[in-house]
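S.K.: Next up, my_file_0.cif (mmCIF, C-alpha atoms).
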```
data_data
#
loop_
_atom_site.label_atom_id
_atom_site.label_comp_id
_atom_site.auth_asym_id
_atom_site.auth_seq_id
_atom_site.Cartn_x
_atom_site.Cartn_y
_atom_site.Cartn_z
CA MET U 116 -4.45 -16.83 -72.97
CA TYR U 117 -4.01 -13.38 -74.46
CA SER U 118 -6.27 -11.62 -76.94
CA THR U 119 -5.49 -11.78 -80.65
CA TRP U 120 -4.23 -8.19 -80.68
CA VAL U 121 -1.89 -8.81 -77.76
CA LEU U 122 -0.55 -11.93 -79.46
CA LEU U 123 0.03 -10.03 -82.69
CA GLY U 124 1.75 -7.25 -80.79
CA LEU U 125 4.06 -9.69 -79.03
CA ILE U 126 4.92 -11.42 -82.28
CA PHE U 127 5.63 -8.05 -83.91
CA ALA U 128 7.86 -7.09 -80.99
CA SER U 129 9.78 -10.35 -81.41
CA SER U 130 10.27 -9.43 -85.08
CA ILE U 131 12.20 -6.26 -84.21
CA PRO U 132 15.59 -8.08 -84.29
CA VAL U 133 14.77 -9.27 -87.83
CA ILE U 134 14.05 -5.72 -88.95
CA ALA U 135 17.24 -4.50 -87.28
CA VAL U 136 19.40 -7.14 -88.99
CA TYR U 137 17.84 -6.44 -92.39
CA ILE U 138 18.44 -2.69 -91.99
CA TRP U 139 22.03 -3.48 -91.01
CA PHE U 140 22.53 -5.64 -94.11
CA ARG U 141 21.06 -2.91 -96.34
CA ALA U 142 23.06 -0.10 -94.69
CA ALA U 143 26.27 -2.11 -95.03
CA LYS U 144 25.38 -2.79 -98.68
CA TYR U 145 25.65 -6.55 -98.26
CA GLN U 146 24.37 -8.15 -101.45
CA PHE U 147 22.10 -10.48 -99.51
CA SER U 148 18.82 -10.17 -101.38
CA LEU U 149 15.40 -10.01 -99.77
CA PHE U 150 14.65 -13.44 -101.26
CA TRP U 151 17.65 -15.08 -99.58
CA PHE U 152 17.06 -13.15 -96.36
CA PHE U 153 13.51 -14.44 -96.00
CA SER U 154 14.54 -17.91 -97.17
CA ALA U 155 17.07 -18.08 -94.32
CA LEU U 156 14.43 -16.71 -91.94
CA LEU U 157 11.97 -19.41 -93.01
CA ALA U 158 14.65 -22.10 -92.74
CA GLY U 159 15.20 -21.05 -89.13
CA ALA U 160 11.47 -21.07 -88.43
CA ALA U 161 11.17 -24.53 -90.00
CA ALA U 162 13.84 -25.80 -87.58
CA PHE U 163 11.36 -25.20 -84.78
CA PHE U 164 9.34 -28.30 -85.73
CA PRO U 165 12.09 -30.97 -85.65
CA ALA U 166 13.25 -29.36 -82.40
CA LEU U 167 9.81 -30.00 -80.92
CA PHE U 168 10.00 -33.59 -82.14
CA PHE U 169 13.42 -34.17 -80.56
CA GLN U 170 12.34 -32.53 -77.32
CA ASP U 171 9.25 -34.73 -77.13
CA LEU U 172 11.45 -37.80 -77.64
CA LEU U 173 13.73 -36.72 -74.79
CA LEU U 174 10.86 -35.79 -72.51
CA GLY U 175 10.61 -39.31 -71.15
CA VAL U 176 14.30 -39.60 -70.25
CA LYS U 177 14.63 -39.99 -66.49
CA ILE U 178 17.64 -38.31 -64.88
CA SER U 179 18.34 -38.91 -61.20
CA GLY U 180 19.13 -35.83 -59.14
CA ALA U 181 17.60 -32.37 -59.44
CA ARG U 182 20.80 -30.64 -60.61
CA ALA U 183 21.61 -33.35 -63.18
CA ALA U 184 18.03 -33.21 -64.47
CA LEU U 185 18.26 -29.42 -64.82
CA LEU U 186 21.56 -29.69 -66.71
CA PHE U 187 20.09 -32.33 -69.01
CA GLU U 188 17.07 -30.10 -69.67
CA CYS U 189 19.13 -26.97 -70.38
CA PHE U 190 22.00 -28.46 -72.37
CA ILE U 191 20.64 -31.59 -74.05
CA ARG U 192 16.86 -31.54 -74.35
CA VAL U 193 16.64 -27.83 -75.20
CA ALA U 194 19.99 -26.46 -76.42
CA LEU U 195 21.43 -29.45 -78.29
CA SER U 196 18.12 -30.50 -79.85
CA GLU U 197 17.50 -26.97 -81.13
CA GLU U 198 21.02 -26.57 -82.55
CA ILE U 199 20.85 -29.95 -84.30
CA SER U 200 17.46 -28.99 -85.76
CA ARG U 201 18.89 -25.68 -86.89
CA LEU U 202 21.81 -27.48 -88.53
CA LEU U 203 19.44 -29.76 -90.47
CA ALA U 204 17.37 -26.79 -91.67
CA LEU U 205 20.46 -24.85 -92.75
CA LEU U 206 21.90 -27.84 -94.59
CA VAL U 207 18.68 -27.97 -96.61
CA PHE U 208 18.84 -24.19 -97.12
CA PHE U 209 22.42 -24.26 -98.44
CA TRP U 210 21.69 -27.29 -100.62
CA ALA U 211 18.73 -25.45 -102.18
CA ALA U 212 20.86 -22.32 -102.59
CA ASP U 213 23.54 -24.32 -104.39
CA MET U 214 20.97 -25.88 -106.72
CA ILE U 215 19.41 -22.50 -107.54
CA SER U 216 22.83 -20.92 -108.08
CA LYS U 217 23.87 -23.67 -110.50
CA ARG U 218 20.70 -23.32 -112.55
CA ASN U 219 20.67 -19.54 -112.49
CA SER U 220 23.98 -19.23 -114.35
CA THR U 221 23.06 -16.02 -116.14
CA GLY U 222 22.67 -13.78 -113.11
CA GLY U 223 21.00 -13.32 -109.77
CA ASP U 224 22.18 -13.47 -106.20
CA GLU U 225 24.67 -16.28 -106.07
CA ILE U 226 25.37 -16.42 -102.37
CA ILE U 227 26.91 -19.88 -102.39
CA ASN U 228 30.17 -20.89 -104.03
CA ILE U 229 30.86 -24.58 -104.63
CA ARG U 230 34.36 -24.31 -103.17
CA PRO U 231 34.84 -23.83 -99.40
CA THR U 232 36.40 -20.40 -98.81
CA PHE U 233 36.76 -17.93 -95.97
CA ASN U 234 34.04 -15.77 -97.47
CA ARG U 235 31.72 -18.77 -97.79
CA VAL U 236 32.04 -19.34 -94.04
CA LYS U 237 31.05 -15.73 -93.43
CA ILE U 238 28.01 -16.27 -95.64
CA GLY U 239 27.13 -19.23 -93.45
CA ALA U 240 27.44 -17.02 -90.39
CA ALA U 241 25.11 -14.41 -91.90
CA ALA U 242 22.48 -16.92 -93.00
CA GLY U 243 22.69 -18.70 -89.65
CA LEU U 244 22.20 -15.42 -87.78
CA VAL U 245 19.01 -14.73 -89.70
CA ALA U 246 17.82 -18.33 -89.30
CA GLY U 247 18.38 -18.17 -85.57
CA ILE U 248 16.13 -15.13 -85.27
CA GLY U 249 13.51 -16.87 -87.41
CA PHE U 250 13.51 -19.77 -84.95
CA SER U 251 13.12 -17.35 -82.06
CA ILE U 252 10.07 -15.66 -83.61
CA LEU U 253 8.19 -18.93 -83.91
CA GLU U 254 9.21 -19.99 -80.43
CA THR U 255 8.01 -16.65 -79.03
CA ALA U 256 4.68 -17.11 -80.82
CA ARG U 257 4.33 -20.49 -79.14
CA TYR U 258 5.04 -19.04 -75.70
CA SER U 259 2.61 -16.19 -76.34
CA ALA U 260 -0.15 -18.58 -77.40
CA SER U 261 0.39 -20.68 -74.27
CA GLY U 262 -0.33 -17.68 -72.07
CA VAL U 263 2.96 -17.29 -70.19
CA GLU U 264 3.63 -14.07 -68.32
CA ILE U 265 4.35 -10.94 -70.35
CA SER U 266 7.63 -10.43 -68.47
CA VAL U 267 8.84 -13.83 -69.67
CA ILE U 268 7.96 -13.00 -73.25
CA PHE U 269 9.86 -9.71 -73.11
CA LEU U 270 12.93 -11.63 -71.96
CA ARG U 271 12.70 -13.27 -75.38
CA PHE U 272 14.60 -10.27 -76.79
CA PHE U 273 17.72 -11.65 -75.12
CA THR U 274 16.79 -15.16 -76.16
CA ALA U 275 16.50 -13.94 -79.75
CA ALA U 276 20.08 -12.70 -79.43
CA ILE U 277 21.18 -16.14 -78.23
CA HIS U 278 19.34 -17.88 -81.06
CA GLY U 279 20.92 -15.52 -83.59
CA ALA U 280 24.41 -15.96 -82.12
CA CYS U 281 24.13 -19.74 -81.95
CA GLY U 282 22.53 -19.86 -85.39
CA SER U 283 25.51 -17.96 -86.77
CA ARG U 284 27.87 -20.60 -85.43
CA VAL U 285 25.70 -23.44 -86.71
CA GLY U 286 25.54 -21.71 -90.11
CA THR U 287 29.32 -21.79 -90.38
CA ALA U 288 29.25 -25.43 -89.26
CA ALA U 289 26.80 -26.28 -92.05
CA ILE U 290 29.19 -24.72 -94.58
CA MET U 291 32.26 -26.46 -93.15
CA LEU U 292 30.68 -29.88 -92.59
CA ARG U 293 32.17 -31.49 -95.72
CA SER U 294 35.51 -29.71 -95.90
CA SER U 295 36.30 -29.66 -92.18
CA PRO U 296 33.93 -31.88 -90.16
CA PHE U 297 35.98 -31.59 -86.97
CA HIS U 298 35.84 -27.79 -86.95
CA ALA U 299 32.15 -27.97 -87.86
CA PHE U 300 31.57 -30.25 -84.86
CA LEU U 301 33.39 -27.80 -82.59
CA ARG U 302 31.16 -24.94 -83.77
CA ILE U 303 28.01 -26.97 -83.17
CA LEU U 304 29.34 -27.89 -79.73
CA ALA U 305 30.11 -24.22 -79.02
CA ALA U 306 26.60 -23.19 -80.08
CA ALA U 307 24.99 -25.82 -77.85
CA ALA U 308 27.27 -24.87 -74.94
CA ILE U 309 26.49 -21.14 -75.21
CA HIS U 310 22.79 -21.89 -75.55
CA GLY U 311 22.84 -24.32 -72.62
CA ILE U 312 24.78 -21.97 -70.34
CA TYR U 313 22.32 -19.18 -71.10
CA ASN U 314 19.35 -21.47 -70.35
CA PHE U 315 20.97 -22.61 -67.12
CA MET U 316 21.88 -19.10 -65.96
CA VAL U 317 18.36 -17.80 -66.60
CA THR U 318 17.01 -20.32 -64.10
CA MET U 319 19.41 -19.15 -61.40
CA PRO U 320 18.50 -16.41 -58.91
CA GLY U 321 20.25 -13.07 -58.43
CA ILE U 322 23.52 -12.21 -60.08
CA LEU U 323 23.72 -15.45 -62.05
CA SER U 324 20.55 -14.58 -63.98
CA ILE U 325 22.11 -11.21 -64.87
CA ALA U 326 25.15 -13.09 -66.17
CA ALA U 327 22.83 -14.80 -68.68
CA PHE U 328 22.13 -11.46 -70.33
CA ILE U 329 25.85 -10.66 -70.45
CA ILE U 330 26.37 -14.01 -72.19
CA ALA U 331 23.63 -13.15 -74.70
CA VAL U 332 25.15 -9.75 -75.52
CA SER U 333 28.67 -11.17 -75.79
CA ALA U 334 27.58 -14.07 -77.99
CA VAL U 335 25.64 -11.90 -80.42
CA THR U 336 28.51 -9.37 -80.56
CA THR U 337 30.96 -12.04 -81.68
CA ALA U 338 28.39 -13.29 -84.22
CA VAL U 339 28.00 -9.79 -85.67
CA LEU U 340 31.77 -9.41 -85.90
CA SER U 341 31.99 -12.72 -87.75
CA VAL U 342 29.58 -11.41 -90.39
CA ARG U 343 30.98 -7.88 -90.82
CA GLY U 344 32.90 -7.20 -94.00
CA VAL U 345 31.55 -10.14 -95.99
CA ASN U 346 31.10 -9.70 -99.72
CA PHE U 347 28.13 -11.85 -100.68
CA LYS U 348 28.94 -11.67 -104.39
CA THR U 349 32.43 -13.11 -104.54
CA ALA U 350 34.06 -16.09 -102.91
CA SER U 351 37.09 -14.19 -101.63
CA ASN U 352 39.51 -11.47 -102.69
CA SER U 353 41.89 -14.03 -104.13
CA GLU U 354 39.40 -16.56 -105.48
CA PRO U 355 36.65 -15.41 -107.84
CA ALA U 356 33.10 -16.72 -107.73
CA ILE U 357 31.95 -19.38 -110.15
CA ASP U 358 32.54 -18.45 -113.77
CA LYS U 359 28.99 -17.95 -115.00
CA ASN U 360 30.12 -18.44 -118.61
CA ALA U 361 31.56 -21.84 -117.91
CA LYS U 362 29.62 -24.89 -119.06
#
```
Render the structure in this file as structure tokens.
M.R.:
Amino acid sequence: MYSTWVLLGLIFASSIPVIAVYIWFRAAKYQFSLFWFFSALLAGAAAFFPALFFQDLLLGVKISGARAALLFECFIRVALSEEISRLLALLVFFWAADMISKRNSTGGDEIINIRPTFNRVKIGAAAGLVAGIGFSILETARYSASGVEISVIFLRFFTAAIHGACGSRVGTAAIMLRSSPFHAFLRILAAAAIHGIYNFMVTMPGILSIAAFIIAVSAVTTAVLSVRGVNFKTASNSEPAIDKNAK
């Protein structure tokens, strides 16, 4: 068990990706307000609790064979349960955003359009990226409080990248769930697969563990590219946002 100051320092260090993403959003002039940014961050952190519940439920599942048990742990009990929990939290987040946007018809940061558009999917990717990092911060705090080795906690920087990358994919799935459930399912499956492969590779010795970090960097790079260029104010270049004068 570490001292309070060490715990606070570790939690602050795990918050560096959040600061970096916020600076990126500001520098790129994305109209993603501080309110929505922290709301997405809190939604991701909230997903940590149902994930714990699902993981506890799956804890008693008996899998024969060491390799099969490891695969079940990496892909199902950890990766899939966390991505499903993240999906649930983001669905609540987007529902609340829609409700606020409808009521706030005279102005404000309307990040959600009722109609599914290309730009709306990018908004889902951005919110999911932030939510993924929020999940990682709370998970890191849990590991820190349990007294695991410092080296393990510092590896959480790469894990934060995985959570952000997978969260970005789950965010787009949450947006597409009604309009294109099949494509939403594929994105959730992709997020769980990337997460599971990373978890599995980290447990492997030698070169395979290094491959886990390559996966993390590649996954977060594609997530960043999926967010770049989004205009958070309008639905798309060809389809305007909701007419705020309409009744």
S.K.: On this file, the PyMOL selection byres ((chain U and resi 195) around 10) gives some set of residues; write that set as a list of chain:residue names.
M.R.: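 Going through the file, the PyMOL selection byres ((chain U and resi 195) around 10) ends up selecting U:Ala166, U:Phe169, U:Gln170, U:Phe187, U:Glu188, U:Cys189, U:Phe190, U:Ile191, U:Arg192, U:Val193, U:Ala194, U:Ser196, U:Glu197, U:Glu198, U:Ile199, U:Ser200, U:Arg201, U:Ile303, U:Leu304, U:Ala306, U:Ala307, U:Ala308, U:His310, U:Gly311.
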S.K.: Check which residues satisfy the PyMOL selection byres ((chain U and resi 280-290) around 6) in the file shown, then give them as a VMD selection string.
M.R.: chain U and resid 202 206 236 239 to 240 243 to 244 247 277 to 279 291 to 292 299 302 to 303 306 334 to 335 338
S.K.: With only C-alpha atoms as the atoms that count, which of U:Phe153, U:Phe147, U:Phe328, U:Phe315 lies nearest to Ala246 in chain U?
M.R.: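 Among U:Phe153, U:Phe147, U:Phe328, U:Phe315, it is U:Phe153 that comes nearest to Ala246 in chain U.
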S.K.: What is the distance, in Å and to one decimal place, between CA of Phe163 in chain U and CA of Phe250 in chain U?
M.R.: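 Straight-line distance from CA of Phe163 in chain U to CA of Phe250 in chain U works out to 5.8 Å.
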S.K.: What is the CA of Gly159 in chain U to CA of Leu185 in chain U distance in Å?
M.R.: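 Going from CA of Gly159 in chain U over to CA of Leu185 in chain U covers 25.9 Å.
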S.K.: Please evaluate the PyMOL selection byres ((chain U and resi 157) around 10) against the displayed coordinates and give the resulting residues as a list of chain:residue names.
M.R.: U:Trp151, U:Phe152, U:Phe153, U:Ser154, U:Ala155, U:Leu156, U:Ala158, U:Gly159, U:Ala160, U:Ala161, U:Ala162, U:Ala204, U:Phe208, U:Val245, U:Ala246, U:Gly247, U:Ile248, U:Gly249, U:Phe250, U:Leu253
S.K.: Give me, please, the distance in Å between CA of Ile312 in chain U and CA of Leu186 in chain U, quoted to one decimal.
M.R.: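 About the pair CA of Ile312 in chain U and CA of Leu186 in chain U: they are 9.1 Å apart.
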S.K.: Enclose range 244-248 of chain U, meaning all of its atoms listed in the file, in a box aligned along x, y and z, pad it by 8 Å on each side, and list the centre and edge lengths in Å to one decimal, as lines of an AutoDock Vina configuration file.
M.R.:
```
center_x = 19.2
center_y = -16.5
center_z = -87.5
size_x = 22.1
size_y = 19.6
size_z = 20.4
```
S.K.: For Gln146 in chain U, which of U:Ala241, U:Leu301, U:Ile330, U:Leu174 is the closest residue, counting only C-alpha atoms?
M.R.: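 Ranked by minimum distance to Gln146 in chain U, first place goes to U:Ala241.
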S.K.: For range 152-167 of chain U, supply N, CA and C atoms and format the output as a PDB file, keeping the file's coordinate frame.
M.R.:
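To be explicit, this is the file written out as result25.pdb:
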```pdb
ATOM      1  N   PHE U 152      17.252 -13.523 -97.760  1.00  0.00           N
ATOM      2  CA  PHE U 152      17.060 -13.150 -96.360  1.00  0.00           C
ATOM      3  C   PHE U 152      15.842 -13.874 -95.781  1.00  0.00           C
ATOM      4  N   PHE U 153      14.723 -13.802 -96.491  1.00  0.00           N
ATOM      5  CA  PHE U 153      13.510 -14.440 -96.000  1.00  0.00           C
ATOM      6  C   PHE U 153      13.588 -15.961 -96.111  1.00  0.00           C
ATOM      7  N   SER U 154      14.351 -16.460 -97.075  1.00  0.00           N
ATOM      8  CA  SER U 154      14.540 -17.910 -97.170  1.00  0.00           C
ATOM      9  C   SER U 154      15.293 -18.426 -95.940  1.00  0.00           C
ATOM     10  N   ALA U 155      16.334 -17.694 -95.533  1.00  0.00           N
ATOM     11  CA  ALA U 155      17.070 -18.080 -94.320  1.00  0.00           C
ATOM     12  C   ALA U 155      16.181 -17.955 -93.090  1.00  0.00           C
ATOM     13  N   LEU U 156      15.355 -16.912 -93.063  1.00  0.00           N
ATOM     14  CA  LEU U 156      14.430 -16.710 -91.940  1.00  0.00           C
ATOM     15  C   LEU U 156      13.443 -17.872 -91.842  1.00  0.00           C
ATOM     16  N   LEU U 157      12.914 -18.290 -92.989  1.00  0.00           N
ATOM     17  CA  LEU U 157      11.970 -19.410 -93.010  1.00  0.00           C
ATOM     18  C   LEU U 157      12.642 -20.736 -92.663  1.00  0.00           C
ATOM     19  N   ALA U 158      13.909 -20.879 -93.093  1.00  0.00           N
ATOM     20  CA  ALA U 158      14.650 -22.100 -92.740  1.00  0.00           C
ATOM     21  C   ALA U 158      14.798 -22.198 -91.226  1.00  0.00           C
ATOM     22  N   GLY U 159      15.091 -21.067 -90.594  1.00  0.00           N
ATOM     23  CA  GLY U 159      15.200 -21.050 -89.130  1.00  0.00           C
ATOM     24  C   GLY U 159      13.880 -21.370 -88.466  1.00  0.00           C
ATOM     25  N   ALA U 160      12.793 -20.793 -88.995  1.00  0.00           N
ATOM     26  CA  ALA U 160      11.470 -21.070 -88.430  1.00  0.00           C
ATOM     27  C   ALA U 160      11.103 -22.544 -88.598  1.00  0.00           C
ATOM     28  N   ALA U 161      11.476 -23.118 -89.748  1.00  0.00           N
ATOM     29  CA  ALA U 161      11.170 -24.530 -90.000  1.00  0.00           C
ATOM     30  C   ALA U 161      11.904 -25.441 -89.017  1.00  0.00           C
ATOM     31  N   ALA U 162      13.072 -24.993 -88.541  1.00  0.00           N
ATOM     32  CA  ALA U 162      13.840 -25.800 -87.580  1.00  0.00           C
ATOM     33  C   ALA U 162      13.100 -25.980 -86.263  1.00  0.00           C
ATOM     34  N   PHE U 163      12.126 -25.125 -86.018  1.00  0.00           N
ATOM     35  CA  PHE U 163      11.360 -25.200 -84.780  1.00  0.00           C
ATOM     36  C   PHE U 163      10.625 -26.541 -84.645  1.00  0.00           C
ATOM     37  N   PHE U 164      10.172 -27.093 -85.774  1.00  0.00           N
ATOM     38  CA  PHE U 164       9.340 -28.300 -85.730  1.00  0.00           C
ATOM     39  C   PHE U 164      10.139 -29.572 -85.432  1.00  0.00           C
ATOM     40  N   PRO U 165      11.295 -29.808 -86.087  1.00  0.00           N
ATOM     41  CA  PRO U 165      12.090 -30.970 -85.650  1.00  0.00           C
ATOM     42  C   PRO U 165      12.591 -30.817 -84.225  1.00  0.00           C
ATOM     43  N   ALA U 166      12.823 -29.565 -83.787  1.00  0.00           N
ATOM     44  CA  ALA U 166      13.250 -29.360 -82.400  1.00  0.00           C
ATOM     45  C   ALA U 166      12.162 -29.833 -81.436  1.00  0.00           C
ATOM     46  N   LEU U 167      10.916 -29.516 -81.747  1.00  0.00           N
ATOM     47  CA  LEU U 167       9.810 -30.000 -80.920  1.00  0.00           C
ATOM     48  C   LEU U 167       9.760 -31.521 -80.893  1.00  0.00           C
TER      49      LEU U 167
END
```
